[in-house]
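Worksheet: one structure, shown below.
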Amino acid sequence: MTIIHETHEQAGAGQVAPQQPGRALTLLLATGAGLSVASLYYSQPMLGVLAGSIGASSRDIGLVPTLTQLGYALGILLLAPLGDRHDRRRIIVLKSLLLVLALLACALAPSLPVLLAASLAVGLTATVAQDIVPAAATLAHEHSRGKVVGTVMTGLLLGILLSRVVSGLVAEQAGWRSMFLLAAAGVALIATAAWRWLPGFAPTTTLSYGRLLASLWDLLRRHAALRRAALAQGLLSMAFSAFWSTLAIMLHAAPFHLGSAAAGSFGLAGAAGALAAPLAGQLADRRGPAMVTRLGAGLTAIAFAVLCLAPWLTPAAQLWLLGVGAIGFDLGVQAALIAHQTIVYGIEPAARSRLNAVLFVGIFIGMAGGAIGGSLLLAQWGWLAVTGMSTVLALLALLVRWR
């Protein structure tokens, strides 16, 4: 009970007064979120080049993205809650500078062990994106919070979408080390701009670090809205991950026999979800986020159900169906995410960083489960089993939100 009382006592102390952030500040936050989270994905298209350059096997080089994602998950759990204990502006600047150092270490890595250690550090410090989004929510008025969060999430989602395309082109033209150097320069500019223009944020709690982490479970236990948001978005993320983690393998096999570039091109469908994020936020502001979560989950379920028709179509028609389905479920998943963030950030303003951490831990658990489950189903029963599982998961998320 001490945790609860201390958190509430600090809830209104010295916070930034809600306002409508100007376009320049919103753009800064969106760009910062995009460039930081993009750091997680630069290595993926370059793994073949990386392996040859530093003399690593194809199996060992796969540890690079694995450790990056592991670092990000650990950073969300262990570092993101600090935004409630310390000035978010200082955290954003400090983490950005550490991310610059980690990217430089990747660029200068002489061997695989050094690159692996640097990749883990990139993942840990790239969680600055999860400090930027709560900062945006804190700066905004309640009636415009969905729109502001949606705009910042557009930057984050575009960072994920475009990172692989950019890194592949840069690595081909100038080498993989140049990509990491360019990434470090971009994040350094964001750190400088954040120090110059981002306002300070007074801490909202005096909890020690250990009690701060312990309060994550306390928040989850006390707030049914947080549990529902984490569960529903986790289920949608599981369906999302099952599709994308198996798509390249499915397209490589008969009857398509397509390479990784073709699978990557379907990722451009994610632009629909990214660009629609502000619209989802505005709809959440006007009609309520709960309704948007249902719309998002319903659209996701419909899109995956349509994909289940693929086995009865010609190969050419199946490719078109994949593109349309990817646009549909990506839009649904991202709309639900924006709405869930709007719900979560309104639960307990003094604990926004910790609430965000709980939500994204649920998302990452779902994504990991989807990747494993999708791979097993594809190997045992084929692509129809993957899309069928994703449909069921989306329907379960809709059921969670409908209660």
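If you're wondering about the labels, chains in the structure tokens are A, B, ... by order shown, residues count from 1 in each chain, ligands from 1 in order shown.
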Requested in this report: Could you give me, as a PyMOL selection string, each residue of stretch 148-345 of chain A that DSSP assigns to alpha helix (DSSP H) when run on this structure's backbone?
Outcome: chain A and resi 148-174+176-197+209-222+224-252+260-265+270-287+289-307+315-345
Query raised in the report: Could you pull the residues within 10 Å of A:Cys308, counting only C-alpha atoms, minus those fewer than 4 positions along the same chain, as a PyMOL selection string?
Result: chain A and resi 303-304+312+321+325+383-391
Requested in this report: Considering only C-alpha atoms, state which residue in the set A:Val392, A:Ala107, A:Ala357, A:Ala194 is at the smallest distance from A:Ala171.
Outcome: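 For A:Ala171, the nearest of the candidates is A:Ala107.
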Tell me which protein, DNA and RNA residues are within 9 Å of A:Thr246, counting only C-alpha atoms, leaving out same-chain ones fewer than 2 positions away, and put them as a PDB file with C-alpha atoms, in the first residue's frame.
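Wrote result_34.pdb, looks like this:
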```pdb
ATOM      1  CA  SER A 241       4.239 -11.322 -35.576  1.00  0.00           C
ATOM      2  CA  ALA A 242       3.072 -14.769 -36.733  1.00  0.00           C
ATOM      3  CA  PHE A 243       2.401 -13.323 -40.209  1.00  0.00           C
ATOM      4  CA  TRP A 244       5.605 -11.340 -40.656  1.00  0.00           C
ATOM      5  CA  ALA A 248       9.468 -14.777 -46.266  1.00  0.00           C
ATOM      6  CA  ILE A 249       9.645 -18.548 -45.745  1.00  0.00           C
ATOM      7  CA  MET A 250       6.229 -19.042 -47.326  1.00  0.00           C
ATOM      8  CA  LEU A 251       7.077 -16.871 -50.345  1.00  0.00           C
ATOM      9  CA  ALA A 371       7.049 -15.746 -34.031  1.00  0.00           C
ATOM     10  CA  GLY A 374       3.784 -19.104 -36.488  1.00  0.00           C
ATOM     11  CA  SER A 375       6.988 -20.951 -37.335  1.00  0.00           C
ATOM     12  CA  LEU A 378       3.920 -23.249 -40.866  1.00  0.00           C
ATOM     13  CA  TRP A 383       0.304 -21.151 -44.325  1.00  0.00           C
ATOM     14  CA  VAL A 386      -0.766 -19.414 -39.639  1.00  0.00           C
TER      15      VAL A 386
END
```
Requested in this report: Determine, counting only C-alpha atoms, which protein, DNA and RNA residues have an atom within 10 Å of an atom of stretch 111-128 of chain A; residues of the same chain fewer than 5 positions away are not included. Present the result as a PyMOL selection string.
Outcome: chain A and resi 32-33+35-41+43+50-51+53-57+60-80+83+88+91-106+133+187
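Across A:Gln318, A:Thr154, A:Ser215, A:Gln380, the tightest approach to A:Gln334 is made by A:Thr154 when counting only C-alpha atoms.
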Query - Test item: residues at most 12 Å from A:Arg352, only C-alpha atoms, excluding those fewer than 4 positions along its chain, as an MDAnalysis selection string - result: chainID A and resid 7 11 15 80:85 88 130:139 203:205 216 219 226 341:348 356:359
Requested in this report: Give me the residues within 12 Å of A:Arg23 as a ChimeraX atom specification, counting only C-alpha atoms and dropping any in the same chain fewer than 4 places off.
Outcome: /A:27-31,148,151-152
Please, could you write that set of residues out with C-alpha atoms as a compact mmCIF listing (two decimals), in the first residue's frame?
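Result went into result.txt, see below:
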```txt
# COMPACT_ATOMS: atom_id res chain seq x y z
CA LEU A 27 7.89 16.86 -35.36
CA LEU A 28 10.96 16.71 -33.12
CA LEU A 29 9.34 14.06 -30.91
CA ALA A 30 8.12 12.05 -33.92
CA THR A 31 11.54 12.19 -35.60
CA VAL A 148 -0.46 13.99 -30.49
CA THR A 151 1.47 11.75 -34.72
CA VAL A 152 4.51 10.72 -32.67
```
